[in-house]
Amino acid sequence: MTISQTVSSINERIEKRLQIQHLLATNQISLSVDCDVIKGLTHTPKTIPPRYFYDDRGSLLFEEICELPEYYLTRTETAILQQYAGEIAQITGACEIVELGSGSSTKTRILLDAYYQQGYLLRYLPIDVSAGMLESSARQLLVDYPSLHIHGLAGTYELALGQLQPSQLPSRMICFIGSTLGNLNPQECDAFLSQITAALQVGEYFLLGIDLQKPKDILAAAYNDSQGVTAAFNLNMLEHLNHSFEGNFDTTQFTHWAFYNETERQIEMHLRSVRSQTVELRALNLTIDFASDETIFTEISRKFDLETIQHQLKAKGLVPQKVCTDANQWFGVILCQLQA
């Protein structure tokens with residue numbers, strides 16, 4: 001068999017195990033995004049939807065952030081999953097793994113390995129708004145896991161959760177790892193957990209990763225690293241808007257500002273205008289005036305109390321079965337089961 005025939009055979013086998021479902025037409029996505037940008041930049045205080053962190057450069061910068069000595073979150077959660085993935089697989093038994101905001105699916109491999117080692121069939125449903133990232137990650141996983149089947153859902157969490165079909169395996173586990181729950185305010189968090197409950201059948205599982213409360217200096221350093229990578233990541237949102245909407249943001253006229261709000265127990269990230277200025281996004285027919293020191297609110301990252309979040313989960317019928325933390329109790333991974 002020639003090299004080209006071998007490649008063709010591999011690709012044919014991958015196609016049989018891969019399905020990508022687009023939940024929104026491109027024009028619908030664009031319309032929704034346009035409205036979010038206009039609404040955010042005409043609001044007081046001004047905001048930018050967090051999705052604008054993740055163009056190609058932003059995604060690379062976030063990968064750099066995850067390797068920074070100050071940024072404990074990724075390596076701590078990864079270590080927890082490496083330690084407890086086998087126990088999680090034993091508790092759930094054979095199940096579909098549904099991941100919200102799958103991205104490159106790096107940490108998912110730890111879970112897939114655990115289920116594979118216990119002889120379970122592997123079926124993975126990644127959900128991400130970026131169809132390109134979804135498909136490229138899925139294809140690599142299918143090369144590395146020859147028995148894996150993937151049904152990717154390209155769209156928002158809300159749409160995807162509402163369109164999940166009954167599991168083809170004995171159970172299902174929805175994964176929301178990476179501390180992304182912290183990016184939702186309390187009202188959004190409550191609504192999100194209700195969506196999770198609605199998407200699961202009684203007896204199915206929810207795996208949640210959360211960043212826990214810890215000393216202020218550790219939190220502040222994680223979002224103000226000494227190399228300035230987080231600052232570049234935050235400022236890149238403006239370049240993303242420039243490219244997407246024919247904008248003229250000058251990133252030298254804004255600075256990164258991140259701090260820990262002790263009252264709300266959350267990190268807040270902003271972009272601060274260093275002078276009075278006017279910016280245009282011509283594709284949106286939008287003109288934005290900034291006062292000196294005015295900020296754009298780009299992200300929150302809430303820090304949770306382990307006992308409190310367990311009570312909130314139980315109130316939604318999501319009963320913790322396994323609570324995993326690191327030695328410092330800086331991060332938590334909670335496996336819940338939906339009970340009647």
# chains A, B, ... in the order shown; residues from 1 in each chain; ligands from 1
>>> residues_around(residues="segment 184-190 of chain A", least_positions_apart="2", cutoff="8 Å", atoms="only C-alpha atoms", output="MDAnalysis selection string")
chainID A and resid 180:182 192:194 300:302
>>> residues_around(residues="Asp225 of chain A", least_positions_apart="5", cutoff="12 Å", atoms="only C-alpha atoms", output="mmCIF file with all heavy atoms, in the first residue's frame")
data_model
loop_
_atom_site.group_PDB
_atom_site.id
_atom_site.type_symbol
_atom_site.label_atom_id
_atom_site.label_comp_id
_atom_site.auth_asym_id
_atom_site.auth_seq_id
_atom_site.Cartn_x
_atom_site.Cartn_y
_atom_site.Cartn_z
ATOM 1 N N GLU A 64 0.065 30.450 26.461
ATOM 2 C CA GLU A 64 1.233 30.955 27.191
ATOM 3 C C GLU A 64 0.884 31.247 28.644
ATOM 4 O O GLU A 64 1.663 30.953 29.557
ATOM 5 C CB GLU A 64 1.768 32.230 26.529
ATOM 6 C CG GLU A 64 2.462 32.017 25.195
ATOM 7 C CD GLU A 64 3.073 33.311 24.674
ATOM 8 O OE1 GLU A 64 3.652 34.072 25.485
ATOM 9 O OE2 GLU A 64 2.960 33.569 23.462
ATOM 10 N N ILE A 65 -0.293 31.843 28.865
ATOM 11 C CA ILE A 65 -0.729 32.141 30.234
ATOM 12 C C ILE A 65 -0.760 30.865 31.078
ATOM 13 O O ILE A 65 -0.324 30.853 32.234
ATOM 14 C CB ILE A 65 -2.123 32.813 30.216
ATOM 15 C CG1 ILE A 65 -2.018 34.250 29.689
ATOM 16 C CG2 ILE A 65 -2.757 32.819 31.610
ATOM 17 C CD1 ILE A 65 -3.356 34.918 29.437
ATOM 18 N N CYS A 66 -1.268 29.800 30.489
ATOM 19 C CA CYS A 66 -1.399 28.537 31.231
ATOM 20 C C CYS A 66 -0.051 27.970 31.673
ATOM 21 O O CYS A 66 0.003 27.153 32.594
ATOM 22 C CB CYS A 66 -2.142 27.511 30.385
ATOM 23 S SG CYS A 66 -3.880 27.934 30.104
ATOM 24 N N GLU A 67 1.029 28.411 31.035
ATOM 25 C CA GLU A 67 2.367 27.925 31.393
ATOM 26 C C GLU A 67 3.103 28.870 32.342
ATOM 27 O O GLU A 67 4.213 28.561 32.786
ATOM 28 C CB GLU A 67 3.203 27.748 30.118
ATOM 29 C CG GLU A 67 2.635 26.738 29.132
ATOM 30 C CD GLU A 67 2.559 25.333 29.709
ATOM 31 O OE1 GLU A 67 3.475 24.960 30.463
ATOM 32 O OE2 GLU A 67 1.575 24.625 29.413
ATOM 33 N N LEU A 68 2.504 30.012 32.665
ATOM 34 C CA LEU A 68 3.183 30.992 33.512
ATOM 35 C C LEU A 68 3.303 30.493 34.948
ATOM 36 O O LEU A 68 2.396 29.832 35.456
ATOM 37 C CB LEU A 68 2.401 32.319 33.498
ATOM 38 C CG LEU A 68 2.382 33.085 32.176
ATOM 39 C CD1 LEU A 68 1.370 34.229 32.250
ATOM 40 C CD2 LEU A 68 3.774 33.632 31.850
ATOM 41 N N PRO A 69 4.403 30.823 35.625
ATOM 42 C CA PRO A 69 4.548 30.380 37.021
ATOM 43 C C PRO A 69 3.464 30.934 37.937
ATOM 44 O O PRO A 69 3.067 30.277 38.904
ATOM 45 C CB PRO A 69 5.938 30.908 37.415
ATOM 46 C CG PRO A 69 6.274 31.961 36.409
ATOM 47 C CD PRO A 69 5.592 31.562 35.146
ATOM 48 N N GLU A 70 2.956 32.142 37.650
ATOM 49 C CA GLU A 70 1.929 32.742 38.504
ATOM 50 C C GLU A 70 0.545 32.123 38.301
ATOM 51 O O GLU A 70 -0.310 32.208 39.176
ATOM 52 C CB GLU A 70 1.814 34.255 38.240
ATOM 53 C CG GLU A 70 3.075 35.042 38.516
ATOM 54 C CD GLU A 70 3.896 35.293 37.257
ATOM 55 O OE1 GLU A 70 3.820 34.452 36.317
ATOM 56 O OE2 GLU A 70 4.610 36.305 37.203
ATOM 57 N N TYR A 71 0.345 31.520 37.115
ATOM 58 C CA TYR A 71 -1.008 31.046 36.759
ATOM 59 C C TYR A 71 -1.152 29.580 37.202
ATOM 60 O O TYR A 71 -0.901 28.652 36.456
ATOM 61 C CB TYR A 71 -1.256 31.188 35.262
ATOM 62 C CG TYR A 71 -2.711 31.115 34.874
ATOM 63 C CD1 TYR A 71 -3.553 32.215 35.061
ATOM 64 C CD2 TYR A 71 -3.262 29.958 34.339
ATOM 65 C CE1 TYR A 71 -4.896 32.155 34.719
ATOM 66 C CE2 TYR A 71 -4.602 29.892 33.983
ATOM 67 C CZ TYR A 71 -5.416 30.993 34.187
ATOM 68 O OH TYR A 71 -6.751 30.928 33.843
ATOM 69 N N TYR A 72 -1.620 29.419 38.417
ATOM 70 C CA TYR A 72 -1.720 28.105 39.046
ATOM 71 C C TYR A 72 -2.901 27.280 38.539
ATOM 72 O O TYR A 72 -2.943 26.054 38.699
ATOM 73 C CB TYR A 72 -1.884 28.284 40.572
ATOM 74 C CG TYR A 72 -3.132 29.067 40.901
ATOM 75 C CD1 TYR A 72 -4.374 28.448 41.022
ATOM 76 C CD2 TYR A 72 -3.089 30.461 41.021
ATOM 77 C CE1 TYR A 72 -5.521 29.173 41.264
ATOM 78 C CE2 TYR A 72 -4.240 31.198 41.264
ATOM 79 C CZ TYR A 72 -5.448 30.541 41.379
ATOM 80 O OH TYR A 72 -6.588 31.265 41.593
ATOM 81 N N ASP A 217 -2.938 37.978 47.383
ATOM 82 C CA ASP A 217 -1.712 38.194 46.611
ATOM 83 C C ASP A 217 -1.517 37.117 45.547
ATOM 84 O O ASP A 217 -1.007 37.393 44.450
ATOM 85 C CB ASP A 217 -0.496 38.279 47.531
ATOM 86 C CG ASP A 217 -0.307 37.025 48.380
ATOM 87 O OD1 ASP A 217 -1.295 36.333 48.653
ATOM 88 O OD2 ASP A 217 0.842 36.746 48.775
ATOM 89 N N ILE A 218 -1.935 35.870 45.841
ATOM 90 C CA ILE A 218 -1.819 34.793 44.856
ATOM 91 C C ILE A 218 -2.770 35.034 43.693
ATOM 92 O O ILE A 218 -2.417 34.864 42.521
ATOM 93 C CB ILE A 218 -2.115 33.431 45.520
ATOM 94 C CG1 ILE A 218 -1.053 33.130 46.581
ATOM 95 C CG2 ILE A 218 -2.176 32.313 44.483
ATOM 96 C CD1 ILE A 218 -1.364 31.925 47.437
ATOM 97 N N LEU A 219 -3.988 35.463 44.008
ATOM 98 C CA LEU A 219 -4.977 35.747 42.971
ATOM 99 C C LEU A 219 -4.538 36.905 42.082
ATOM 100 O O LEU A 219 -4.620 36.830 40.848
ATOM 101 C CB LEU A 219 -6.329 36.065 43.614
ATOM 102 C CG LEU A 219 -7.044 34.903 44.300
ATOM 103 C CD1 LEU A 219 -8.214 35.412 45.124
ATOM 104 C CD2 LEU A 219 -7.514 33.891 43.268
ATOM 105 N N ALA A 220 -4.086 37.982 42.706
ATOM 106 C CA ALA A 220 -3.690 39.168 41.938
ATOM 107 C C ALA A 220 -2.536 38.845 40.997
ATOM 108 O O ALA A 220 -2.508 39.280 39.834
ATOM 109 C CB ALA A 220 -3.311 40.295 42.890
ATOM 110 N N THR A 230 -0.678 38.298 30.317
ATOM 111 C CA THR A 230 -2.112 38.516 30.549
ATOM 112 C C THR A 230 -2.531 39.895 30.050
ATOM 113 O O THR A 230 -3.623 40.061 29.502
ATOM 114 C CB THR A 230 -2.450 38.357 32.040
ATOM 115 O OG1 THR A 230 -1.919 37.130 32.516
ATOM 116 C CG2 THR A 230 -3.949 38.380 32.260
ATOM 117 N N ALA A 231 -1.660 40.878 30.221
ATOM 118 C CA ALA A 231 -1.952 42.218 29.700
ATOM 119 C C ALA A 231 -2.088 42.177 28.178
ATOM 120 O O ALA A 231 -3.023 42.766 27.611
ATOM 121 C CB ALA A 231 -0.856 43.188 30.118
ATOM 122 N N ALA A 232 -1.181 41.464 27.515
ATOM 123 C CA ALA A 232 -1.247 41.353 26.055
ATOM 124 C C ALA A 232 -2.516 40.622 25.622
ATOM 125 O O ALA A 232 -3.157 40.988 24.628
ATOM 126 C CB ALA A 232 -0.013 40.619 25.540
ATOM 127 N N PHE A 233 -2.884 39.604 26.373
ATOM 128 C CA PHE A 233 -4.106 38.839 26.103
ATOM 129 C C PHE A 233 -5.340 39.729 26.211
ATOM 130 O O PHE A 233 -6.231 39.693 25.347
ATOM 131 C CB PHE A 233 -4.172 37.690 27.121
ATOM 132 C CG PHE A 233 -5.416 36.859 27.082
ATOM 133 C CD1 PHE A 233 -5.681 36.013 26.018
ATOM 134 C CD2 PHE A 233 -6.326 36.891 28.139
ATOM 135 C CE1 PHE A 233 -6.826 35.218 26.003
ATOM 136 C CE2 PHE A 233 -7.463 36.106 28.134
ATOM 137 C CZ PHE A 233 -7.710 35.272 27.054
ATOM 138 N N HIS A 256 -3.941 47.467 30.626
ATOM 139 C CA HIS A 256 -4.536 46.322 31.333
ATOM 140 C C HIS A 256 -4.685 46.660 32.809
ATOM 141 O O HIS A 256 -3.775 47.194 33.442
ATOM 142 C CB HIS A 256 -3.622 45.108 31.150
ATOM 143 C CG HIS A 256 -3.910 43.959 32.055
ATOM 144 N ND1 HIS A 256 -5.031 43.168 31.938
ATOM 145 C CD2 HIS A 256 -3.198 43.441 33.107
ATOM 146 C CE1 HIS A 256 -4.997 42.217 32.864
ATOM 147 N NE2 HIS A 256 -3.900 42.360 33.588
ATOM 148 N N TRP A 257 -5.863 46.329 33.372
ATOM 149 C CA TRP A 257 -6.103 46.563 34.801
ATOM 150 C C TRP A 257 -6.876 45.378 35.352
ATOM 151 O O TRP A 257 -8.015 45.124 34.948
ATOM 152 C CB TRP A 257 -6.894 47.862 35.000
ATOM 153 C CG TRP A 257 -7.196 48.213 36.435
ATOM 154 C CD1 TRP A 257 -6.384 48.042 37.517
ATOM 155 C CD2 TRP A 257 -8.408 48.797 36.935
ATOM 156 N NE1 TRP A 257 -7.009 48.489 38.668
ATOM 157 C CE2 TRP A 257 -8.252 48.954 38.333
ATOM 158 C CE3 TRP A 257 -9.595 49.212 36.351
ATOM 159 C CZ2 TRP A 257 -9.243 49.497 39.152
ATOM 160 C CZ3 TRP A 257 -10.591 49.750 37.150
ATOM 161 C CH2 TRP A 257 -10.409 49.896 38.538
ATOM 162 N N ALA A 258 -6.254 44.624 36.243
ATOM 163 C CA ALA A 258 -6.907 43.477 36.876
ATOM 164 C C ALA A 258 -6.697 43.556 38.377
ATOM 165 O O ALA A 258 -5.590 43.852 38.844
ATOM 166 C CB ALA A 258 -6.333 42.175 36.330
#
>>> select_by_dssp(residues="segment 243-290 of chain A", states="strand (DSSP E or B)", output="PyMOL selection string")
chain A and resi 247+254-261+266-273+277-281+286-290
>>> write_last_selection(atoms="N, CA and C atoms", output="PDB file, in the first residue's frame")
ATOM      1  N   GLY A 247     -12.166  48.407  12.823  1.00  0.00           N
ATOM      2  CA  GLY A 247     -12.011  49.359  13.916  1.00  0.00           C
ATOM      3  C   GLY A 247     -10.669  50.071  13.898  1.00  0.00           C
ATOM      4  N   PHE A 254      -4.539  52.201  25.671  1.00  0.00           N
ATOM      5  CA  PHE A 254      -5.279  51.488  26.703  1.00  0.00           C
ATOM      6  C   PHE A 254      -4.300  50.666  27.537  1.00  0.00           C
ATOM      7  N   THR A 255      -4.628  50.462  28.787  1.00  0.00           N
ATOM      8  CA  THR A 255      -3.787  49.642  29.653  1.00  0.00           C
ATOM      9  C   THR A 255      -4.616  48.542  30.317  1.00  0.00           C
ATOM     10  N   HIS A 256      -3.941  47.467  30.626  1.00  0.00           N
ATOM     11  CA  HIS A 256      -4.536  46.322  31.333  1.00  0.00           C
ATOM     12  C   HIS A 256      -4.685  46.660  32.809  1.00  0.00           C
ATOM     13  N   TRP A 257      -5.863  46.329  33.372  1.00  0.00           N
ATOM     14  CA  TRP A 257      -6.103  46.563  34.801  1.00  0.00           C
ATOM     15  C   TRP A 257      -6.876  45.378  35.352  1.00  0.00           C
ATOM     16  N   ALA A 258      -6.254  44.624  36.243  1.00  0.00           N
ATOM     17  CA  ALA A 258      -6.907  43.477  36.876  1.00  0.00           C
ATOM     18  C   ALA A 258      -6.697  43.556  38.377  1.00  0.00           C
ATOM     19  N   PHE A 259      -7.756  43.303  39.139  1.00  0.00           N
ATOM     20  CA  PHE A 259      -7.656  43.390  40.590  1.00  0.00           C
ATOM     21  C   PHE A 259      -8.652  42.431  41.222  1.00  0.00           C
ATOM     22  N   TYR A 260      -8.447  42.119  42.484  1.00  0.00           N
ATOM     23  CA  TYR A 260      -9.354  41.257  43.216  1.00  0.00           C
ATOM     24  C   TYR A 260     -10.354  42.106  43.981  1.00  0.00           C
ATOM     25  N   ASN A 261     -11.629  41.931  43.654  1.00  0.00           N
ATOM     26  CA  ASN A 261     -12.721  42.612  44.337  1.00  0.00           C
ATOM     27  C   ASN A 261     -13.098  41.765  45.556  1.00  0.00           C
ATOM     28  N   GLN A 266     -14.119  38.164  43.533  1.00  0.00           N
ATOM     29  CA  GLN A 266     -13.856  37.878  42.131  1.00  0.00           C
ATOM     30  C   GLN A 266     -12.731  38.757  41.594  1.00  0.00           C
ATOM     31  N   ILE A 267     -11.976  38.198  40.690  1.00  0.00           N
ATOM     32  CA  ILE A 267     -11.040  38.991  39.894  1.00  0.00           C
ATOM     33  C   ILE A 267     -11.847  39.747  38.844  1.00  0.00           C
ATOM     34  N   GLU A 268     -11.505  41.007  38.625  1.00  0.00           N
ATOM     35  CA  GLU A 268     -12.117  41.787  37.549  1.00  0.00           C
ATOM     36  C   GLU A 268     -11.023  42.248  36.600  1.00  0.00           C
ATOM     37  N   MET A 269     -11.263  42.075  35.319  1.00  0.00           N
ATOM     38  CA  MET A 269     -10.317  42.540  34.308  1.00  0.00           C
ATOM     39  C   MET A 269     -10.970  43.655  33.500  1.00  0.00           C
ATOM     40  N   HIS A 270     -10.176  44.708  33.297  1.00  0.00           N
ATOM     41  CA  HIS A 270     -10.632  45.882  32.560  1.00  0.00           C
ATOM     42  C   HIS A 270      -9.545  46.325  31.592  1.00  0.00           C
ATOM     43  N   LEU A 271      -9.954  47.131  30.627  1.00  0.00           N
ATOM     44  CA  LEU A 271      -9.029  47.898  29.790  1.00  0.00           C
ATOM     45  C   LEU A 271      -9.299  49.367  30.069  1.00  0.00           C
ATOM     46  N   ARG A 272      -8.256  50.100  30.461  1.00  0.00           N
ATOM     47  CA  ARG A 272      -8.427  51.498  30.863  1.00  0.00           C
ATOM     48  C   ARG A 272      -7.912  52.446  29.769  1.00  0.00           C
ATOM     49  N   SER A 273      -8.744  53.395  29.390  1.00  0.00           N
ATOM     50  CA  SER A 273      -8.348  54.405  28.412  1.00  0.00           C
ATOM     51  C   SER A 273      -7.403  55.411  29.077  1.00  0.00           C
ATOM     52  N   GLN A 277     -10.696  59.940  24.107  1.00  0.00           N
ATOM     53  CA  GLN A 277     -10.490  59.526  22.710  1.00  0.00           C
ATOM     54  C   GLN A 277     -11.797  59.015  22.121  1.00  0.00           C
ATOM     55  N   THR A 278     -11.836  58.958  20.804  1.00  0.00           N
ATOM     56  CA  THR A 278     -12.988  58.447  20.075  1.00  0.00           C
ATOM     57  C   THR A 278     -12.528  57.321  19.162  1.00  0.00           C
ATOM     58  N   VAL A 279     -13.286  56.245  19.177  1.00  0.00           N
ATOM     59  CA  VAL A 279     -12.945  55.059  18.385  1.00  0.00           C
ATOM     60  C   VAL A 279     -14.128  54.718  17.494  1.00  0.00           C
ATOM     61  N   GLU A 280     -13.824  54.214  16.304  1.00  0.00           N
ATOM     62  CA  GLU A 280     -14.869  53.812  15.369  1.00  0.00           C
ATOM     63  C   GLU A 280     -14.765  52.327  15.047  1.00  0.00           C
ATOM     64  N   LEU A 281     -15.918  51.686  14.939  1.00  0.00           N
ATOM     65  CA  LEU A 281     -16.028  50.350  14.363  1.00  0.00           C
ATOM     66  C   LEU A 281     -16.909  50.513  13.131  1.00  0.00           C
ATOM     67  N   LEU A 286     -20.538  52.265  14.252  1.00  0.00           N
ATOM     68  CA  LEU A 286     -20.529  52.574  15.683  1.00  0.00           C
ATOM     69  C   LEU A 286     -19.353  53.491  16.024  1.00  0.00           C
ATOM     70  N   THR A 287     -19.651  54.579  16.727  1.00  0.00           N
ATOM     71  CA  THR A 287     -18.635  55.493  17.241  1.00  0.00           C
ATOM     72  C   THR A 287     -18.704  55.492  18.760  1.00  0.00           C
ATOM     73  N   ILE A 288     -17.531  55.300  19.404  1.00  0.00           N
ATOM     74  CA  ILE A 288     -17.498  55.188  20.863  1.00  0.00           C
ATOM     75  C   ILE A 288     -16.579  56.265  21.424  1.00  0.00           C
ATOM     76  N   ASP A 289     -17.092  57.056  22.348  1.00  0.00           N
ATOM     77  CA  ASP A 289     -16.293  58.077  23.039  1.00  0.00           C
ATOM     78  C   ASP A 289     -15.818  57.536  24.387  1.00  0.00           C
ATOM     79  N   PHE A 290     -14.537  57.775  24.678  1.00  0.00           N
ATOM     80  CA  PHE A 290     -13.954  57.367  25.959  1.00  0.00           C
ATOM     81  C   PHE A 290     -13.443  58.590  26.698  1.00  0.00           C
TER      82      PHE A 290
END
>>> select_by_dssp(residues="segment 119-151 of chain A", states="helix (DSSP H, G or I)", output="JSON, numbers by chain")
{"A": [131, 132, 133, 134, 135, 136, 137, 138, 139, 140, 141, 142, 143, 144]}
>>> write_last_selection(atoms="N, CA, C and O atoms", output="mmCIF file, in the first residue's frame")
data_model
loop_
_atom_site.group_PDB
_atom_site.id
_atom_site.type_symbol
_atom_site.label_atom_id
_atom_site.label_comp_id
_atom_site.auth_asym_id
_atom_site.auth_seq_id
_atom_site.Cartn_x
_atom_site.Cartn_y
_atom_site.Cartn_z
ATOM 1 N N ALA A 131 -16.170 26.430 15.194
ATOM 2 C CA ALA A 131 -16.277 25.178 14.451
ATOM 3 C C ALA A 131 -14.918 24.702 13.958
ATOM 4 O O ALA A 131 -14.656 23.492 13.915
ATOM 5 N N GLY A 132 -14.042 25.642 13.596
ATOM 6 C CA GLY A 132 -12.716 25.268 13.114
ATOM 7 C C GLY A 132 -11.893 24.571 14.177
ATOM 8 O O GLY A 132 -11.296 23.513 13.939
ATOM 9 N N MET A 133 -11.857 25.152 15.390
ATOM 10 C CA MET A 133 -11.139 24.538 16.510
ATOM 11 C C MET A 133 -11.759 23.192 16.863
ATOM 12 O O MET A 133 -11.063 22.216 17.142
ATOM 13 N N LEU A 134 -13.075 23.134 16.821
ATOM 14 C CA LEU A 134 -13.800 21.908 17.151
ATOM 15 C C LEU A 134 -13.372 20.766 16.224
ATOM 16 O O LEU A 134 -13.033 19.669 16.676
ATOM 17 N N GLU A 135 -13.366 21.032 14.934
ATOM 18 C CA GLU A 135 -13.063 19.970 13.973
ATOM 19 C C GLU A 135 -11.590 19.571 14.008
ATOM 20 O O GLU A 135 -11.267 18.377 13.966
ATOM 21 N N SER A 136 -10.685 20.537 14.101
ATOM 22 C CA SER A 136 -9.252 20.203 14.108
ATOM 23 C C SER A 136 -8.895 19.385 15.342
ATOM 24 O O SER A 136 -8.136 18.407 15.261
ATOM 25 N N SER A 137 -9.443 19.756 16.506
ATOM 26 C CA SER A 137 -9.179 19.000 17.728
ATOM 27 C C SER A 137 -9.773 17.601 17.638
ATOM 28 O O SER A 137 -9.152 16.619 18.058
ATOM 29 N N ALA A 138 -10.991 17.513 17.088
ATOM 30 C CA ALA A 138 -11.661 16.221 16.968
ATOM 31 C C ALA A 138 -10.867 15.270 16.076
ATOM 32 O O ALA A 138 -10.701 14.088 16.404
ATOM 33 N N ARG A 139 -10.378 15.756 14.966
ATOM 34 C CA ARG A 139 -9.621 14.901 14.046
ATOM 35 C C ARG A 139 -8.343 14.367 14.688
ATOM 36 O O ARG A 139 -7.971 13.202 14.487
ATOM 37 N N GLN A 140 -7.669 15.202 15.465
ATOM 38 C CA GLN A 140 -6.459 14.732 16.137
ATOM 39 C C GLN A 140 -6.794 13.671 17.187
ATOM 40 O O GLN A 140 -6.081 12.674 17.325
ATOM 41 N N LEU A 141 -7.883 13.885 17.921
ATOM 42 C CA LEU A 141 -8.304 12.886 18.909
ATOM 43 C C LEU A 141 -8.631 11.551 18.239
ATOM 44 O O LEU A 141 -8.299 10.479 18.769
ATOM 45 N N LEU A 142 -9.256 11.583 17.086
ATOM 46 C CA LEU A 142 -9.633 10.350 16.394
ATOM 47 C C LEU A 142 -8.415 9.589 15.890
ATOM 48 O O LEU A 142 -8.436 8.347 15.800
ATOM 49 N N VAL A 143 -7.346 10.308 15.572
ATOM 50 C CA VAL A 143 -6.087 9.654 15.204
ATOM 51 C C VAL A 143 -5.493 8.959 16.427
ATOM 52 O O VAL A 143 -5.017 7.820 16.357
ATOM 53 N N ASP A 144 -5.533 9.639 17.573
ATOM 54 C CA ASP A 144 -4.886 9.129 18.785
ATOM 55 C C ASP A 144 -5.706 8.077 19.513
ATOM 56 O O ASP A 144 -5.156 7.288 20.297
#
>>> closest_residue(among="A:Ser167, A:Thr197, A:Gln83, A:Asn183", to="Asp211 of chain A", atoms="only C-alpha atoms")
A:Asn183
>>> closest_residue(among="A:Leu164, A:Leu284, A:Val202, A:Ala154", to="Lys39 of chain A", atoms="only C-alpha atoms")
A:Leu284
>>> closest_residue(among="A:Val129, A:Ile97, A:Leu18, A:Ala222", to="Gln168 of chain A", atoms="only C-alpha atoms")
A:Ile97
>>> atom_distance(atom1="atom CA of Leu338 of chain A", atom2="atom CA of Tyr124 of chain A")
19.7 Å
>>> closest_residue(among="A:Ile48, A:Cys35, A:Ala315, A:Ala221", to="Leu241 of chain A", atoms="only C-alpha atoms")
A:Ile48
>>> residues_around(residues="segment 41-46 of chain A", least_positions_apart="4", cutoff="8 Å", atoms="only C-alpha atoms", output="PyMOL selection string")
chain A and resi 37+288+295-297
>>> residues_around(residues="Asp56 of chain A", least_positions_apart="2", cutoff="12 Å", atoms="only C-alpha atoms", output="VMD selection string")
chain A and resid 51 to 54 58 to 63 130 132 to 133 233 236 to 237 239 to 240 243
>>> residues_around(residues="Ala94 of chain A", least_positions_apart="4", cutoff="12 Å", atoms="only C-alpha atoms", output="count of residues only")
25
>>> atom_distance(atom1="atom CA of Leu335 of chain A", atom2="atom CA of Ile174 of chain A")
9.8 Å
>>> closest_residue(among="A:Ser179, A:Arg57, A:Ala198, A:Ala191", to="Gln312 of chain A", atoms="only C-alpha atoms")
A:Ala191
>>> closest_residue(among="A:Ile14, A:Ala79, A:Ala340, A:Ile334", to="Leu148 of chain A", atoms="only C-alpha atoms")
A:Ile14
>>> atom_distance(atom1="atom CA of Thr325 of chain A", atom2="atom CA of Tyr84 of chain A")
9.5 Å
>>> residues_around(residues="Glu77 of chain A", least_positions_apart="2", cutoff="9 Å", atoms="only C-alpha atoms", output="list in words")
Tyr72, Leu73, Thr74, Arg75, Ala79, Ile80, Leu81, Gln82, Lys107, Ile177, Gly178, Ser179, Gly209, Ile210, Asp211, Thr325, Asp326, Phe331, Gly332 and Val333 of chain A
>>> write_last_selection(atoms="N, CA and C atoms", output="compact mmCIF listing (two decimals), in the first residue's frame")
# COMPACT_ATOMS: atom_id res chain seq x y z
N TYR A 72 -1.62 29.42 38.42
CA TYR A 72 -1.72 28.11 39.05
C TYR A 72 -2.90 27.28 38.54
N LEU A 73 -3.90 27.92 37.92
CA LEU A 73 -5.19 27.27 37.68
C LEU A 73 -5.07 26.02 36.83
N THR A 74 -4.46 26.14 35.64
CA THR A 74 -4.43 25.02 34.70
C THR A 74 -3.66 23.84 35.24
N ARG A 75 -2.46 24.10 35.75
CA ARG A 75 -1.66 22.97 36.23
C ARG A 75 -2.27 22.32 37.47
N ALA A 79 -3.50 18.43 37.50
CA ALA A 79 -2.98 17.48 38.49
C ALA A 79 -4.12 16.77 39.22
N ILE A 80 -5.19 17.49 39.51
CA ILE A 80 -6.35 16.87 40.17
C ILE A 80 -6.97 15.81 39.26
N LEU A 81 -7.15 16.15 37.98
CA LEU A 81 -7.73 15.19 37.04
C LEU A 81 -6.83 13.96 36.88
N GLN A 82 -5.52 14.18 36.82
CA GLN A 82 -4.59 13.05 36.70
C GLN A 82 -4.71 12.12 37.91
N LYS A 107 -7.21 18.68 28.43
CA LYS A 107 -7.48 17.99 29.69
C LYS A 107 -8.46 16.83 29.51
N ILE A 177 -15.13 22.14 32.84
CA ILE A 177 -13.89 22.28 33.58
C ILE A 177 -13.17 23.56 33.15
N GLY A 178 -12.01 23.83 33.77
CA GLY A 178 -11.28 25.02 33.41
C GLY A 178 -11.68 26.26 34.18
N SER A 179 -12.48 26.13 35.22
CA SER A 179 -12.94 27.23 36.08
C SER A 179 -13.79 28.25 35.34
N GLY A 209 -15.28 22.02 37.30
CA GLY A 209 -14.02 22.52 37.83
C GLY A 209 -14.18 23.96 38.28
N ILE A 210 -13.75 24.28 39.53
CA ILE A 210 -13.92 25.63 40.07
C ILE A 210 -12.65 26.09 40.76
N ASP A 211 -12.37 27.38 40.61
CA ASP A 211 -11.26 28.00 41.33
C ASP A 211 -11.77 28.41 42.71
N THR A 325 -9.79 17.92 45.51
CA THR A 325 -9.02 19.16 45.59
C THR A 325 -7.54 18.82 45.62
N ASP A 326 -6.72 19.87 45.46
CA ASP A 326 -5.27 19.71 45.60
C ASP A 326 -4.89 19.89 47.07
N PHE A 331 -8.03 24.64 44.22
CA PHE A 331 -8.92 24.35 43.10
C PHE A 331 -9.75 23.13 43.46
N GLY A 332 -10.97 23.07 42.90
CA GLY A 332 -11.84 21.94 43.19
C GLY A 332 -12.43 21.35 41.91
N VAL A 333 -12.55 20.04 41.88
CA VAL A 333 -13.26 19.33 40.80
C VAL A 333 -14.33 18.49 41.47
>>> residues_around(residues="Leu318 of chain A", least_positions_apart="5", cutoff="7 Å", atoms="only C-alpha atoms", output="PyMOL selection string")
chain A and resi 313+336-339
